[in-house]
Amino acid sequence: MSGPGVVGAPAGGLALVDQLLRDRGAVLARIEAGRGLTGMMRVFVATIVVGAALTGAAMGSFRGGAQIGFAAIKLPIALLGTAALCAPALTALGRGLGRPAALARDLALVTMALAVGALVLVALVPVLLVARAVDLEYHGSILLTVGVGAVGGAAAIAVLAGGLRRAAVRDAGLAAALFALIFAVVGAQGAWTLRPWLVRPRTPEVPFVRSLEGSLYDAVLDTARSATGRYTRAEAPLPEAP
Amino acid sequence: MSSISSSVASAAAGPLAVGAVLTLRLHDPAPLVAVPAVVFAVAALTLPALYIAAAVVGAAPPIGDVVRAVGRALHALGLVHLGLVMPLAFLVASSGSETAFALGAIAVATGAAIALKVLRAALFGDGAPAGGRAVLFWSWAAVALVIGGRLFGELMTEVVA
């Protein structure tokens with residue numbers, strides 16, 4: 001719940017995380033004022049790392065073993081890598097739409113939004129674990145994981161849009177929508193590159209990442225072609241004999 | 001004058017950077033020339049028509065304001081393209097050539113769309129232009145986008161093929 005949004009005394013560590021959950025208006029006001037951005041970003045990044053690692057571990061529990069650690073390492077990398085690639089785009093979009101340059105504030109806003117998203121993901125970890133406990137099958141687990149990610153992403157986008165509107169950025173909605181689209185596209189490709197997350201039950205060995213097989217968007221195009229009866233391979237690959 | 005030259009510099013740097021990303025991925029120098037060429041050719045070929053048509057219907061600001069508005073729009077286009085370079089480079093790195101072309105085209109079009117929005121605001125004010133001016137501007141914008149899209153496609157087809 002957002003509070004009145006006064007520029008309060010600098011909060012650090014867990015106090016800032018608590019403020020993120022209870023009074024985001026005050027955190028946004030501090031970002032807008034440009035005070036203590038480095039310290040705040042450190043806390044946001046730590047929140048993202050811890051939150052994403054916990055969520056990744058829960059995802060990896062579908063397969064268990066080394067995959068728990070692999071997914072716990074990969075999810076924070078995917079989120080922070082996407083943020084690093086996309087934050088300059090938010091600044092460029094803002095400047096293109098007539099806003100003064102504010103890369104540090106944009107980076108703080110993006111990491112804040114992601115930190116909130118990561119906290120939402122942590123709140124949904126029990127849902128993933130319940131699915132594991134009731135032995136939800138592979139494709140159901142994939143859909144559930146995508147749904148959990150979508151909820152976390154939506155929460156992050158809402159925070160980002162609120163931050164841009166609060167800063168009275170001209171065309172804040174357009175900037176937020178374009179940035180969310182760029183972030184979603186890059187993030188999806190990042191997650192695709194760092195597969196596997198759950199690991200198919202028939203996979204004998206768990207790799208940290210699969211070998212590069214083109215982009216997510218190539219795969220979507222191939223699937224669309226296959227759906228219309230145009231195949232690019234003579235036959236589907238079969239699993240290797242154990 | 002310096003603001004015009006900085007506008008031109010950023011307008012050139014953005015499309016050049018997008019073209020460089022596509023050049024690296026497609027292993028062909030054509031995009032490095034094609035992207036800036038499309039931006040400046042479409043601007044040079046279609047903006048006079050907008051000014052003349054707006055002047056005929058009595059909606060054109062003074063020529064100096066039009067030049068400044070165009071500079072602002074090109075500046076915005078260049079900045080947006082520069083901002084999209086890192087995400088684009090990441091996305092095309094593992095994409096096939098057709099997907100890389102499509103992603104590059106989307107990046108170019110996004111910059112163009114923002115530039116059109118900035119141009120409209122700079123020419124006619126922040127509010128939506130009323131009646132005939134709106135029809136005139138958006139008709140011109142549609143024509144410019146079609147010409148730009150066709151030109152970009154033609155310049156890039158052989159590279160992708």
# chains A, B, ... in the order shown; residues from 1 in each chain; ligands from 1

call {"tool": "interface_residues", "arguments": {"of": "chain A", "to": "chain B", "cutoff": "10 Å", "atoms": "only C-alpha atoms", "output": "ChimeraX atom specification"}}
result
/A:82-98,170,174-175,178,182-183,185-190,193,212-219,221

call {"tool": "write_last_selection", "arguments": {"atoms": "N, CA, C and O atoms", "output": "short mmCIF file (atom, residue, chain, number, x, y, z; two decimals), in the first residue's frame"}}
result
data_model
loop_
_atom_site.label_atom_id
_atom_site.label_comp_id
_atom_site.auth_asym_id
_atom_site.auth_seq_id
_atom_site.Cartn_x
_atom_site.Cartn_y
_atom_site.Cartn_z
N THR A 82 18.86 -8.45 -17.42
CA THR A 82 17.83 -7.76 -18.20
C THR A 82 17.71 -6.30 -17.78
O THR A 82 17.59 -5.41 -18.63
N ALA A 83 17.78 -6.07 -16.46
CA ALA A 83 17.70 -4.69 -15.97
C ALA A 83 18.86 -3.86 -16.50
O ALA A 83 18.69 -2.72 -16.94
N ALA A 84 20.07 -4.44 -16.48
CA ALA A 84 21.25 -3.70 -16.95
C ALA A 84 21.14 -3.40 -18.45
O ALA A 84 21.53 -2.31 -18.89
N LEU A 85 20.59 -4.35 -19.21
CA LEU A 85 20.47 -4.12 -20.65
C LEU A 85 19.39 -3.09 -20.98
O LEU A 85 19.50 -2.36 -21.96
N CYS A 86 18.34 -3.06 -20.16
CA CYS A 86 17.16 -2.27 -20.53
C CYS A 86 17.07 -0.88 -19.88
O CYS A 86 16.40 -0.01 -20.42
N ALA A 87 17.72 -0.69 -18.72
CA ALA A 87 17.57 0.60 -18.02
C ALA A 87 17.95 1.80 -18.91
O ALA A 87 17.24 2.82 -18.90
N PRO A 88 19.06 1.71 -19.69
CA PRO A 88 19.36 2.87 -20.55
C PRO A 88 18.25 3.17 -21.56
O PRO A 88 18.07 4.32 -21.96
N ALA A 89 17.50 2.12 -21.94
CA ALA A 89 16.40 2.35 -22.89
C ALA A 89 15.32 3.23 -22.26
O ALA A 89 14.71 4.07 -22.94
N LEU A 90 15.08 3.05 -20.94
CA LEU A 90 14.08 3.88 -20.27
C LEU A 90 14.51 5.35 -20.28
O LEU A 90 13.71 6.25 -20.55
N THR A 91 15.80 5.58 -20.00
CA THR A 91 16.33 6.95 -20.02
C THR A 91 16.21 7.54 -21.43
O THR A 91 15.79 8.69 -21.60
N ALA A 92 16.57 6.72 -22.43
CA ALA A 92 16.51 7.22 -23.80
C ALA A 92 15.08 7.52 -24.22
O ALA A 92 14.81 8.54 -24.86
N LEU A 93 14.15 6.64 -23.84
CA LEU A 93 12.73 6.89 -24.18
C LEU A 93 12.26 8.18 -23.51
O LEU A 93 11.58 9.00 -24.13
N GLY A 94 12.62 8.32 -22.22
CA GLY A 94 12.22 9.53 -21.49
C GLY A 94 12.78 10.78 -22.13
O GLY A 94 12.07 11.77 -22.34
N ARG A 95 14.07 10.74 -22.49
CA ARG A 95 14.68 11.91 -23.11
C ARG A 95 14.08 12.18 -24.48
O ARG A 95 13.86 13.32 -24.87
N GLY A 96 13.82 11.11 -25.20
CA GLY A 96 13.18 11.28 -26.50
C GLY A 96 11.82 11.95 -26.38
O GLY A 96 11.40 12.70 -27.26
N LEU A 97 11.13 11.69 -25.27
CA LEU A 97 9.80 12.27 -25.05
C LEU A 97 9.89 13.61 -24.33
O LEU A 97 8.87 14.17 -23.93
N GLY A 98 11.11 14.11 -24.12
CA GLY A 98 11.26 15.48 -23.61
C GLY A 98 11.55 15.60 -22.14
O GLY A 98 11.41 16.68 -21.56
N ARG A 170 6.27 13.42 -18.81
CA ARG A 170 5.35 13.55 -19.93
C ARG A 170 5.22 12.20 -20.64
O ARG A 170 6.21 11.50 -20.82
N LEU A 174 3.05 5.96 -21.85
CA LEU A 174 3.68 5.46 -23.08
C LEU A 174 5.09 4.96 -22.77
O LEU A 174 5.49 3.88 -23.22
N ALA A 175 5.85 5.76 -21.99
CA ALA A 175 7.22 5.35 -21.65
C ALA A 175 7.21 4.04 -20.87
O ALA A 175 8.00 3.14 -21.15
N LEU A 178 6.20 1.10 -23.25
CA LEU A 178 7.28 0.72 -24.16
C LEU A 178 8.41 0.02 -23.41
O LEU A 178 8.95 -0.99 -23.86
N ILE A 182 9.86 -3.75 -23.89
CA ILE A 182 11.28 -4.04 -24.13
C ILE A 182 11.80 -5.00 -23.06
O ILE A 182 12.49 -5.98 -23.35
N PHE A 183 11.43 -4.70 -21.80
CA PHE A 183 11.90 -5.54 -20.69
C PHE A 183 11.37 -6.96 -20.83
O PHE A 183 12.11 -7.94 -20.62
N VAL A 185 10.42 -8.52 -23.60
CA VAL A 185 11.03 -9.20 -24.75
C VAL A 185 12.46 -9.63 -24.42
O VAL A 185 12.86 -10.77 -24.67
N VAL A 186 13.24 -8.72 -23.83
CA VAL A 186 14.63 -9.05 -23.48
C VAL A 186 14.67 -10.08 -22.35
O VAL A 186 15.45 -11.04 -22.39
N GLY A 187 13.80 -9.91 -21.36
CA GLY A 187 13.75 -10.85 -20.24
C GLY A 187 13.37 -12.25 -20.69
O GLY A 187 13.94 -13.24 -20.22
N ALA A 188 12.40 -12.33 -21.62
CA ALA A 188 11.99 -13.64 -22.12
C ALA A 188 13.14 -14.32 -22.84
O ALA A 188 13.39 -15.52 -22.67
N GLN A 189 13.88 -13.53 -23.64
CA GLN A 189 15.03 -14.09 -24.35
C GLN A 189 16.13 -14.50 -23.36
O GLN A 189 16.77 -15.54 -23.51
N GLY A 190 16.31 -13.68 -22.31
CA GLY A 190 17.31 -14.02 -21.28
C GLY A 190 16.95 -15.33 -20.59
O GLY A 190 17.80 -16.20 -20.39
N THR A 193 17.54 -18.18 -22.95
CA THR A 193 18.97 -18.49 -23.09
C THR A 193 19.48 -19.30 -21.89
O THR A 193 20.35 -20.15 -22.04
N LEU A 212 23.14 -23.24 -27.15
CA LEU A 212 22.35 -22.19 -27.81
C LEU A 212 21.67 -22.75 -29.06
O LEU A 212 22.32 -23.31 -29.94
N GLU A 213 20.32 -22.63 -29.09
CA GLU A 213 19.57 -23.19 -30.23
C GLU A 213 18.75 -22.09 -30.90
O GLU A 213 17.59 -22.27 -31.21
N GLY A 214 19.35 -20.92 -31.11
CA GLY A 214 18.58 -19.83 -31.69
C GLY A 214 17.81 -19.10 -30.60
O GLY A 214 17.86 -19.47 -29.42
N SER A 215 17.08 -18.06 -31.01
CA SER A 215 16.38 -17.25 -30.03
C SER A 215 14.98 -17.78 -29.78
O SER A 215 14.45 -18.61 -30.54
N LEU A 216 14.37 -17.26 -28.73
CA LEU A 216 12.98 -17.59 -28.42
C LEU A 216 12.08 -17.26 -29.60
O LEU A 216 11.15 -18.00 -29.93
N TYR A 217 12.39 -16.14 -30.26
CA TYR A 217 11.51 -15.66 -31.33
C TYR A 217 11.66 -16.52 -32.59
O TYR A 217 10.70 -16.70 -33.33
N ASP A 218 12.87 -17.07 -32.79
CA ASP A 218 13.03 -18.05 -33.87
C ASP A 218 12.18 -19.29 -33.56
O ASP A 218 11.53 -19.85 -34.46
N ALA A 219 12.21 -19.70 -32.29
CA ALA A 219 11.44 -20.90 -31.90
C ALA A 219 9.94 -20.65 -32.09
O ALA A 219 9.22 -21.55 -32.56
N LEU A 221 8.59 -18.57 -34.25
CA LEU A 221 8.34 -18.58 -35.70
C LEU A 221 8.31 -20.00 -36.24
O LEU A 221 7.44 -20.35 -37.06
#

call {"tool": "residues_around", "arguments": {"residues": "Ala57 in chain A", "least_positions_apart": "4", "cutoff": "6 Å", "atoms": "only C-alpha atoms", "output": "NGL selection string"}}
result
:A and (68 or 71-72)

call {"tool": "residues_around", "arguments": {"residues": "Thr23 in chain B", "least_positions_apart": "3", "cutoff": "12 Å", "atoms": "only C-alpha atoms", "output": "list in words"}}
result
Pro15, Leu16, Ala17, Val18, Gly19, Ala20, Leu26, His27, Asp28, Pro29, Ala30, Pro31, Leu32, Val33, Ala34, Val35, Ala89, Val92, Ala93, Ser97, Ala100, Phe101, Gly104, Met156, Val159 and Val160 of chain B

call {"tool": "atom_distance", "arguments": {"atom1": "CA of Ala180 in chain A", "atom2": "CA of Leu123 in chain B"}}
result
28.7 Å

call {"tool": "residues_around", "arguments": {"residues": "range 37-53 of chain B", "least_positions_apart": "5", "cutoff": "9 Å", "atoms": "only C-alpha atoms", "output": "list in words"}}
result
Ala11, Ala12, Pro15, Leu32, Gly58, Ala59, Ala60, Pro61, Ile63, Val66, Val70, Leu74, Val108, Ala112, Leu136, Phe137, Trp140, Ala141, Val143, Ala144, Leu145, Ile147, Gly148, Gly149, Leu151, Phe152 and Leu155 of chain B

call {"tool": "atom_distance", "arguments": {"atom1": "CA of Ile77 in chain A", "atom2": "CA of Thr111 in chain A"}}
result
13.3 Å

call {"tool": "residues_around", "arguments": {"residues": "Tyr138 in chain A", "least_positions_apart": "2", "cutoff": "9 Å", "atoms": "only C-alpha atoms", "output": "ChimeraX atom specification"}}
result
/A:62,135-136,140-143,198-201

call {"tool": "atom_distance", "arguments": {"atom1": "CA of Leu80 in chain A", "atom2": "CA of Phe179 in chain A"}}
result
15.3 Å

call {"tool": "residues_around", "arguments": {"residues": "Ala104 in chain A", "least_positions_apart": "3", "cutoff": "10 Å", "atoms": "only C-alpha atoms", "output": "CSV table (one decimal) with C-alpha atoms, in the first residue's frame"}}
result
chain,number,residue,atom,x,y,z
A,31,ILE,CA,14.3,8.4,-5.7
A,34,GLY,CA,17.9,11.8,-6.0
A,37,LEU,CA,20.4,6.4,-4.7
A,38,THR,CA,23.5,4.2,-4.4
A,41,MET,CA,20.1,0.5,-5.2
A,87,ALA,CA,17.6,0.6,-18.0
A,88,PRO,CA,19.4,2.9,-20.5
A,91,THR,CA,16.3,6.9,-20.0
A,101,ALA,CA,18.4,13.0,-18.5
A,107,LEU,CA,18.2,2.7,-12.8
A,108,ALA,CA,17.0,3.2,-9.2
A,109,LEU,CA,13.4,3.1,-10.3
A,110,VAL,CA,13.9,0.0,-12.4

call {"tool": "residues_around", "arguments": {"residues": "Leu75 in chain A", "least_positions_apart": "3", "cutoff": "8 Å", "atoms": "only C-alpha atoms", "output": "ChimeraX atom specification"}}
result
/A:52-53,55-56,71-72,78-79,191
